[in-house]
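J.: For reference, the file start.cif (mmCIF, C-alpha atoms) is included below:
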data_start
#
loop_
_atom_site.label_atom_id
_atom_site.label_comp_id
_atom_site.auth_asym_id
_atom_site.auth_seq_id
_atom_site.Cartn_x
_atom_site.Cartn_y
_atom_site.Cartn_z
CA MET A 127 218.83 160.86 -41.37
CA SER A 128 215.52 161.05 -39.49
CA SER A 129 215.86 164.38 -37.67
CA THR A 130 215.17 167.71 -39.34
CA LYS A 131 218.65 169.01 -38.55
CA SER A 132 222.01 167.50 -37.71
CA LEU A 133 222.84 168.58 -34.15
CA ARG A 134 226.20 168.88 -32.44
CA ILE A 135 225.53 167.10 -29.15
CA GLY A 136 228.07 167.19 -26.32
CA MET A 137 227.69 164.70 -23.47
CA ILE A 138 228.98 165.38 -19.97
CA GLY A 139 229.40 161.93 -18.44
CA PHE A 140 229.86 158.98 -20.78
CA GLY A 141 228.86 155.92 -18.80
CA PRO A 142 226.74 153.05 -20.15
CA PHE A 143 223.55 155.11 -20.48
CA ALA A 144 225.24 157.95 -22.39
CA GLN A 145 226.93 155.40 -24.65
CA PHE A 146 223.53 153.79 -25.26
CA LEU A 147 221.99 157.14 -26.29
CA ALA A 148 225.01 158.15 -28.37
CA LYS A 149 224.76 155.11 -30.63
CA THR A 150 221.26 156.07 -31.76
CA MET A 151 222.15 159.74 -32.11
CA ILE A 152 225.13 158.88 -34.32
CA ARG A 153 223.03 156.47 -36.38
CA GLN A 154 220.60 159.33 -37.01
CA GLY A 155 223.45 161.50 -38.27
CA HIS A 156 224.14 163.75 -35.31
CA ILE A 157 227.68 164.76 -34.33
CA VAL A 158 228.45 163.59 -30.79
CA SER A 159 231.28 164.59 -28.46
CA ALA A 160 231.85 163.71 -24.82
CA THR A 161 233.79 164.56 -21.70
CA SER A 162 233.94 162.49 -18.53
CA ARG A 163 235.98 161.91 -15.38
CA SER A 164 237.06 158.52 -16.79
CA ASP A 165 239.09 158.30 -19.98
CA TYR A 166 236.84 156.97 -22.76
CA THR A 167 239.17 157.92 -25.60
CA HIS A 168 239.45 154.41 -27.01
CA LEU A 169 235.73 153.62 -26.79
CA CYS A 170 234.79 156.98 -28.28
CA THR A 171 237.13 156.38 -31.21
CA GLN A 172 235.32 153.09 -31.87
CA LEU A 173 231.89 154.74 -31.66
CA GLY A 174 232.76 157.80 -33.74
CA VAL A 175 232.54 160.20 -30.79
CA SER A 176 235.04 163.00 -30.16
CA PHE A 177 236.34 162.69 -26.60
CA PHE A 178 237.64 165.70 -24.65
CA ARG A 179 239.72 165.30 -21.50
CA ASP A 180 239.67 169.09 -21.08
CA THR A 181 236.25 170.58 -20.27
CA SER A 182 237.26 174.04 -21.49
CA ALA A 183 238.00 172.66 -24.95
CA PHE A 184 234.76 170.69 -24.80
CA LEU A 185 232.70 173.80 -24.06
CA GLU A 186 234.54 175.79 -26.73
CA SER A 187 233.74 173.21 -29.42
CA GLY A 188 230.43 174.83 -30.35
CA ASN A 189 227.79 172.28 -29.35
CA ASP A 190 224.15 172.98 -30.11
CA VAL A 191 223.14 170.76 -27.19
CA ILE A 192 224.99 169.83 -24.00
CA LEU A 193 223.55 166.78 -22.27
CA PHE A 194 224.18 165.94 -18.62
CA SER A 195 224.39 162.17 -18.12
CA THR A 196 226.08 162.10 -14.73
CA SER A 197 224.96 160.32 -11.59
CA ILE A 198 222.35 162.18 -9.55
CA LEU A 199 224.74 162.55 -6.63
CA SER A 200 227.59 164.01 -8.69
CA LEU A 201 225.60 166.51 -10.79
CA SER A 202 226.06 169.49 -8.46
CA GLN A 203 229.83 169.06 -8.30
CA VAL A 204 230.09 168.54 -12.07
CA ILE A 205 227.93 171.46 -13.12
CA LYS A 206 229.48 173.94 -10.65
CA ALA A 207 232.99 173.02 -11.84
CA LEU A 208 232.25 173.80 -15.51
CA PRO A 209 234.17 176.77 -16.99
CA LEU A 210 230.96 178.18 -18.43
CA GLU A 211 232.75 181.32 -19.63
CA CYS A 212 234.16 179.12 -22.41
CA LEU A 213 230.73 178.78 -24.07
CA LYS A 214 230.77 180.50 -27.44
CA GLN A 215 227.01 180.66 -28.02
CA PRO A 216 223.64 180.25 -26.27
CA THR A 217 223.24 176.50 -25.79
CA LEU A 218 220.44 174.04 -25.08
CA PHE A 219 221.25 172.17 -21.86
CA VAL A 220 219.48 168.85 -21.33
CA ASP A 221 219.59 166.37 -18.47
CA VAL A 222 218.54 162.70 -18.47
CA LEU A 223 218.56 162.09 -14.71
CA SER A 224 215.98 159.95 -12.92
CA VAL A 225 214.85 162.88 -10.77
CA LYS A 226 213.70 166.15 -12.27
CA GLU A 227 213.10 169.03 -9.83
CA TYR A 228 216.67 168.81 -8.53
CA PRO A 229 218.52 169.14 -11.88
CA ARG A 230 215.99 171.78 -13.03
CA ASP A 231 216.71 173.99 -10.02
CA LEU A 232 220.45 173.42 -10.29
CA MET A 233 220.59 174.25 -14.00
CA LEU A 234 218.49 177.40 -13.56
CA GLN A 235 220.75 178.49 -10.71
CA VAL A 236 224.15 177.83 -12.31
CA LEU A 237 223.84 177.99 -16.11
CA PRO A 238 223.98 181.25 -18.12
CA HIS A 239 220.63 183.00 -18.40
CA ASP A 240 220.78 182.98 -22.19
CA SER A 241 221.01 179.17 -22.24
CA ASP A 242 217.93 177.02 -22.73
CA VAL A 243 217.01 174.27 -20.26
CA LEU A 244 215.19 171.04 -21.14
CA CYS A 245 214.61 168.45 -18.43
CA THR A 246 214.06 164.91 -19.70
CA HIS A 247 213.88 161.34 -18.46
CA PRO A 248 214.00 158.46 -20.95
CA MET A 249 212.05 155.80 -19.03
CA PHE A 250 214.21 153.02 -20.42
CA GLY A 251 217.84 151.97 -20.62
CA PRO A 252 220.36 149.74 -22.41
CA GLU A 253 218.50 146.58 -21.39
CA SER A 254 214.86 147.58 -21.91
CA GLY A 255 215.71 149.59 -25.04
CA LYS A 256 218.09 147.14 -26.66
CA ASP A 257 215.55 146.09 -29.30
CA GLY A 258 214.41 149.63 -30.11
CA TRP A 259 212.64 152.50 -28.38
CA LYS A 260 209.19 152.11 -29.93
CA ASP A 261 206.41 152.87 -27.42
CA LEU A 262 208.88 153.41 -24.56
CA PRO A 263 208.01 156.52 -22.48
CA TYR A 264 210.12 159.65 -22.82
CA MET A 265 209.26 162.40 -20.33
CA PHE A 266 210.25 166.03 -20.95
CA ASP A 267 209.66 169.49 -19.54
CA LYS A 268 210.52 172.63 -21.56
CA VAL A 269 211.76 174.56 -18.53
CA ARG A 270 213.30 177.53 -20.36
CA ILE A 271 213.20 177.39 -24.15
CA ARG A 272 213.82 180.33 -26.46
CA ASN A 273 215.24 178.41 -29.44
CA GLU A 274 212.22 176.24 -30.22
CA ALA A 275 213.87 174.81 -33.35
CA ALA A 276 216.87 173.36 -31.50
CA CYS A 277 214.60 171.95 -28.78
CA SER A 278 212.29 170.41 -31.38
CA ASP A 279 215.22 168.89 -33.27
CA PHE A 280 216.53 167.29 -30.08
CA LEU A 281 213.14 165.89 -29.05
CA HIS A 282 212.75 164.57 -32.60
CA ILE A 283 215.62 162.16 -31.91
CA PHE A 284 213.33 160.25 -29.55
CA ALA A 285 210.06 160.84 -31.38
CA THR A 286 211.44 159.45 -34.62
CA GLU A 287 212.47 156.25 -32.78
CA GLY A 288 208.85 155.76 -31.76
CA CYS A 289 209.09 156.84 -28.13
CA LYS A 290 205.88 157.70 -26.31
CA MET A 291 206.51 161.44 -25.87
CA MET A 292 205.15 162.63 -22.51
CA GLU A 293 205.32 166.33 -21.67
CA MET A 294 204.80 167.01 -17.96
CA SER A 295 206.21 169.22 -15.23
CA CYS A 296 209.25 168.20 -13.24
CA GLN A 297 207.08 168.11 -10.13
CA GLU A 298 204.57 165.74 -11.74
CA HIS A 299 207.42 163.48 -12.85
CA ASP A 300 208.90 163.28 -9.36
CA GLU A 301 205.52 162.52 -7.78
CA PHE A 302 204.90 159.70 -10.27
CA SER A 303 208.49 158.46 -10.04
CA ALA A 304 208.42 158.23 -6.25
CA ARG A 305 205.36 156.00 -6.48
CA SER A 306 206.82 153.85 -9.25
CA GLN A 307 210.60 153.88 -9.82
CA PHE A 308 211.65 154.60 -6.22
CA LEU A 309 209.10 152.18 -4.76
CA THR A 310 210.24 149.46 -7.19
CA HIS A 311 213.89 149.99 -6.27
CA THR A 312 213.03 149.96 -2.56
CA ILE A 313 211.15 146.66 -2.81
CA GLY A 314 213.99 145.21 -4.88
CA ARG A 315 216.58 146.28 -2.29
CA VAL A 316 214.50 144.79 0.53
CA LEU A 317 214.28 141.47 -1.34
CA ALA A 318 218.04 141.56 -1.93
CA GLU A 319 218.68 142.14 1.79
CA MET A 320 216.47 139.11 2.48
CA GLU A 321 218.59 137.15 -0.04
CA VAL A 322 215.45 136.03 -1.88
CA GLU A 323 216.28 133.31 -4.44
CA PRO A 324 214.24 131.13 -6.83
CA THR A 325 212.80 127.89 -5.41
CA PRO A 326 211.63 124.69 -7.16
CA ILE A 327 207.98 125.61 -6.56
CA ASP A 328 207.90 129.28 -7.61
CA THR A 329 204.60 130.87 -8.53
CA LYS A 330 204.48 133.37 -11.39
CA GLY A 331 204.11 136.16 -8.86
CA PHE A 332 207.24 135.12 -6.99
CA GLN A 333 209.18 134.86 -10.25
CA LYS A 334 208.28 138.50 -10.91
CA LEU A 335 209.53 139.47 -7.44
CA VAL A 336 212.85 137.76 -8.15
CA GLN A 337 213.06 139.67 -11.43
CA VAL A 338 212.49 142.95 -9.56
CA LYS A 339 215.25 142.06 -7.11
CA GLU A 340 217.68 141.17 -9.86
CA SER A 341 216.95 144.18 -12.09
CA THR A 342 217.20 146.74 -9.27
CA SER A 343 220.35 145.11 -7.85
CA ARG A 344 222.10 145.70 -11.17
CA ASP A 345 221.81 149.45 -10.60
CA SER A 346 224.26 151.17 -8.27
CA PHE A 347 223.38 152.10 -4.71
CA ASP A 348 224.30 155.65 -5.70
CA LEU A 349 221.37 155.69 -8.12
CA PHE A 350 219.03 154.37 -5.42
CA SER A 351 220.38 156.95 -2.95
CA GLY A 352 219.87 159.71 -5.51
CA LEU A 353 216.26 158.67 -6.06
CA PHE A 354 215.72 159.11 -2.32
CA VAL A 355 217.88 162.14 -1.47
CA HIS A 356 216.89 164.31 -4.44
CA ASN A 357 213.21 163.46 -4.86
CA ARG A 358 211.24 165.22 -2.14
CA PHE A 359 208.31 162.82 -2.63
CA ALA A 360 210.39 159.67 -2.00
CA LYS A 361 210.59 160.18 1.76
CA GLN A 362 206.81 160.05 2.09
CA GLN A 363 206.72 156.87 0.00
CA LEU A 364 209.21 155.25 2.37
CA ARG A 365 207.12 156.30 5.36
CA ASP A 366 203.98 154.95 3.69
CA LEU A 367 205.72 151.64 2.98
CA GLU A 368 206.88 151.33 6.59
CA LEU A 369 203.38 152.14 7.83
CA ALA A 370 201.78 149.62 5.46
CA LEU A 371 204.15 146.86 6.62
CA ALA A 372 203.43 147.69 10.27
CA LEU A 373 199.65 147.63 9.67
CA ILE A 374 199.81 144.31 7.83
CA LYS A 375 201.94 142.82 10.61
CA LEU A 376 199.45 144.09 13.20
CA ARG A 377 196.49 142.60 11.32
CA LEU A 378 198.23 139.24 10.95
CA GLU A 379 199.14 139.10 14.64
CA SER A 380 195.62 140.12 15.60
CA ARG A 381 194.12 137.38 13.44
CA SER A 382 196.58 134.85 14.86
CA GLU A 383 195.51 135.75 18.41
CA GLU A 384 191.82 135.43 17.48
CA LEU A 385 192.38 131.94 16.06
CA GLU A 386 194.36 130.85 19.13
CA GLN A 387 191.56 131.97 21.42
CA SER A 388 188.75 130.34 19.40
#
Let me see the structure of the file written as structure tokens.
T.:
Amino acid sequence: MSSTKSLRIGMIGFGPFAQFLAKTMIRQGHIVSATSRSDYTHLCTQLGVSFFRDTSAFLESGNDVILFSTSILSLSQVIKALPLECLKQPTLFVDVLSVKEYPRDLMLQVLPHDSDVLCTHPMFGPESGKDGWKDLPYMFDKVRIRNEAACSDFLHIFATEGCKMMEMSCQEHDEFSARSQFLTHTIGRVLAEMEVEPTPIDTKGFQKLVQVKESTSRDSFDLFSGLFVHNRFAKQQLRDLELALALIKLRLESRSEELEQS
């Protein structure tokens, strides 16, 4: 096993991304359990993951790490419904959401004060990370860490796979993400609304636009909504995009009028 210590990692939410992470964690020798609104008993049995339908039993099972892998929009409901009195020991709580200030504030507000909080965002997924995680960015912020060993052991899961480990504040992440991930998803959604499709004479640039449309359309609208609703920097990016489109349209119309009059 690559990590310095075998961790007991409990996942709250076991959709495709959590399943993707769990496979590597199990391969490294960690003990993984999960709980989710949907019943993943059969899949978990195949993967070697212990599945709990009951969240009280899940929290009582003595995890070193509890990882939130819910949708952005459902996190508040999920975390506030947890029977946290069932925790038997101080625990490291980690999230892997695509926004960072929002889950940080929520975890600090709701979780026990003796629990550690680590905010992370693996900047890859089942498709981009299918051939390994080497050189793929992994952002993290040690929001409230007392047990440095447990935190280090968890981060080592990603470091040992070759991830580009990037420590930054949750605010920095959200500023960068609004200008990159949210903007990419917005452009992709606009292209999808326009029903942009390949043509027989595509340039390389247009082919890349079609790829953006297709990749962003595979993600749920809930994810896109979460990137907007729970990243305070996204609203300004949307305003900037609208302004840029209006200015470009104005310049084109102005040039058209000049040419007509010449």
J.: Applied to the shown file, which residues does the PyMOL selection byres ((chain A and resi 241-246) around 10) return, written as a PyMOL selection string?
T.: chain A and resi 191-194+213+215-227+229-230+233-234+237-240+247-249+264-274+276-277+280-281+292-296+299
J.: How close does each residue of region 256-323 of chain A get to region 367-385 of chain A, giving the shortest atom pair and distance in Å to one decimal for every residue with an atom at most 12 Å away, counting all atoms listed in the file, sorted by chain and residue number, as a tab-separated table?
T.:
residue	atom	partner	partner_atom	distance
A:Ala304	CA	A:Leu367	CA	11.7
A:Arg305	CA	A:Leu367	CA	10.4
A:Phe308	CA	A:Leu367	CA	11.3
A:Leu309	CA	A:Leu367	CA	8.5
A:Thr310	CA	A:Leu367	CA	11.3
A:Thr312	CA	A:Leu367	CA	9.3
A:Ile313	CA	A:Leu367	CA	9.4
A:Val316	CA	A:Leu367	CA	11.4
J.: Put a box with edges along x, y and z around all the listed atoms of region 307-311 of chain A, pad it by 3 Å on each side, then give me its centre and sizes in Å, one decimal, as lines of an AutoDock Vina configuration file.
T.:
center_x = 211.5
center_y = 152.0
center_z = -7.3
size_x = 10.8
size_y = 11.1
size_z = 11.1
J.: Using all atoms listed in the file, which residues of region 225-253 of chain A come within 10 Å of region 131-144 of chain A, and what is the closest atom pair for each, with the distance in Å to one decimal? Give it as JSON lines, sorted by chain and residue number.
T.:
{"residue": "A:Phe250", "atom": "CA", "partner": "A:Phe143", "partner_atom": "CA", "distance": 9.6}
{"residue": "A:Gly251", "atom": "CA", "partner": "A:Phe143", "partner_atom": "CA", "distance": 6.5}
{"residue": "A:Pro252", "atom": "CA", "partner": "A:Phe143", "partner_atom": "CA", "distance": 6.5}
{"residue": "A:Glu253", "atom": "CA", "partner": "A:Phe143", "partner_atom": "CA", "distance": 10.0}
J.: Atoms to include: C-alpha atoms. Write the selected residues as a CSV table (one decimal), in the frame of the given file.
T.:
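Heads up, here's the output in part-v3.csv:
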chain,number,residue,atom,x,y,z
A,250,PHE,CA,214.2,153.0,-20.4
A,251,GLY,CA,217.8,152.0,-20.6
A,252,PRO,CA,220.4,149.7,-22.4
A,253,GLU,CA,218.5,146.6,-21.4
J.: Please list as an NGL selection string every residue within 10 Å of Thr161 (chain A), counting all atoms listed in the file and excluding residues in the same chain fewer than 4 positions away.
T.: :A and (136-140 or 165-167 or 176-181 or 183-185)
J.: Would you output that residue set with C-alpha atoms, as a PDB file, in the coordinates of the input?
T.:
ATOM      1  CA  GLY A 136     228.070 167.190 -26.320  1.00  0.00           C
ATOM      2  CA  MET A 137     227.690 164.700 -23.470  1.00  0.00           C
ATOM      3  CA  ILE A 138     228.980 165.380 -19.970  1.00  0.00           C
ATOM      4  CA  GLY A 139     229.400 161.930 -18.440  1.00  0.00           C
ATOM      5  CA  PHE A 140     229.860 158.980 -20.780  1.00  0.00           C
ATOM      6  CA  ASP A 165     239.090 158.300 -19.980  1.00  0.00           C
ATOM      7  CA  TYR A 166     236.840 156.970 -22.760  1.00  0.00           C
ATOM      8  CA  THR A 167     239.170 157.920 -25.600  1.00  0.00           C
ATOM      9  CA  SER A 176     235.040 163.000 -30.160  1.00  0.00           C
ATOM     10  CA  PHE A 177     236.340 162.690 -26.600  1.00  0.00           C
ATOM     11  CA  PHE A 178     237.640 165.700 -24.650  1.00  0.00           C
ATOM     12  CA  ARG A 179     239.720 165.300 -21.500  1.00  0.00           C
ATOM     13  CA  ASP A 180     239.670 169.090 -21.080  1.00  0.00           C
ATOM     14  CA  THR A 181     236.250 170.580 -20.270  1.00  0.00           C
ATOM     15  CA  ALA A 183     238.000 172.660 -24.950  1.00  0.00           C
ATOM     16  CA  PHE A 184     234.760 170.690 -24.800  1.00  0.00           C
ATOM     17  CA  LEU A 185     232.700 173.800 -24.060  1.00  0.00           C
TER      18      LEU A 185
END
J.: Interatomic distance between CA of Gln333 (chain A) and CA of Asp300 (chain A)?
T.: 28.4 Å
J.: Residues within 8 Å of Thr342 (chain A), please, as a short mmCIF file (atom, residue, chain, number, x, y, z; two decimals) with C-alpha atoms, in the coordinates of the input. Count all atoms listed in the file; anything in the same chain fewer than 5 positions from it doesn't count.
T.:
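As a result, out-v4.cif now contains:
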data_model
loop_
_atom_site.label_atom_id
_atom_site.label_comp_id
_atom_site.auth_asym_id
_atom_site.auth_seq_id
_atom_site.Cartn_x
_atom_site.Cartn_y
_atom_site.Cartn_z
CA THR A 310 210.24 149.46 -7.19
CA HIS A 311 213.89 149.99 -6.27
CA GLY A 314 213.99 145.21 -4.88
CA ARG A 315 216.58 146.28 -2.29
#
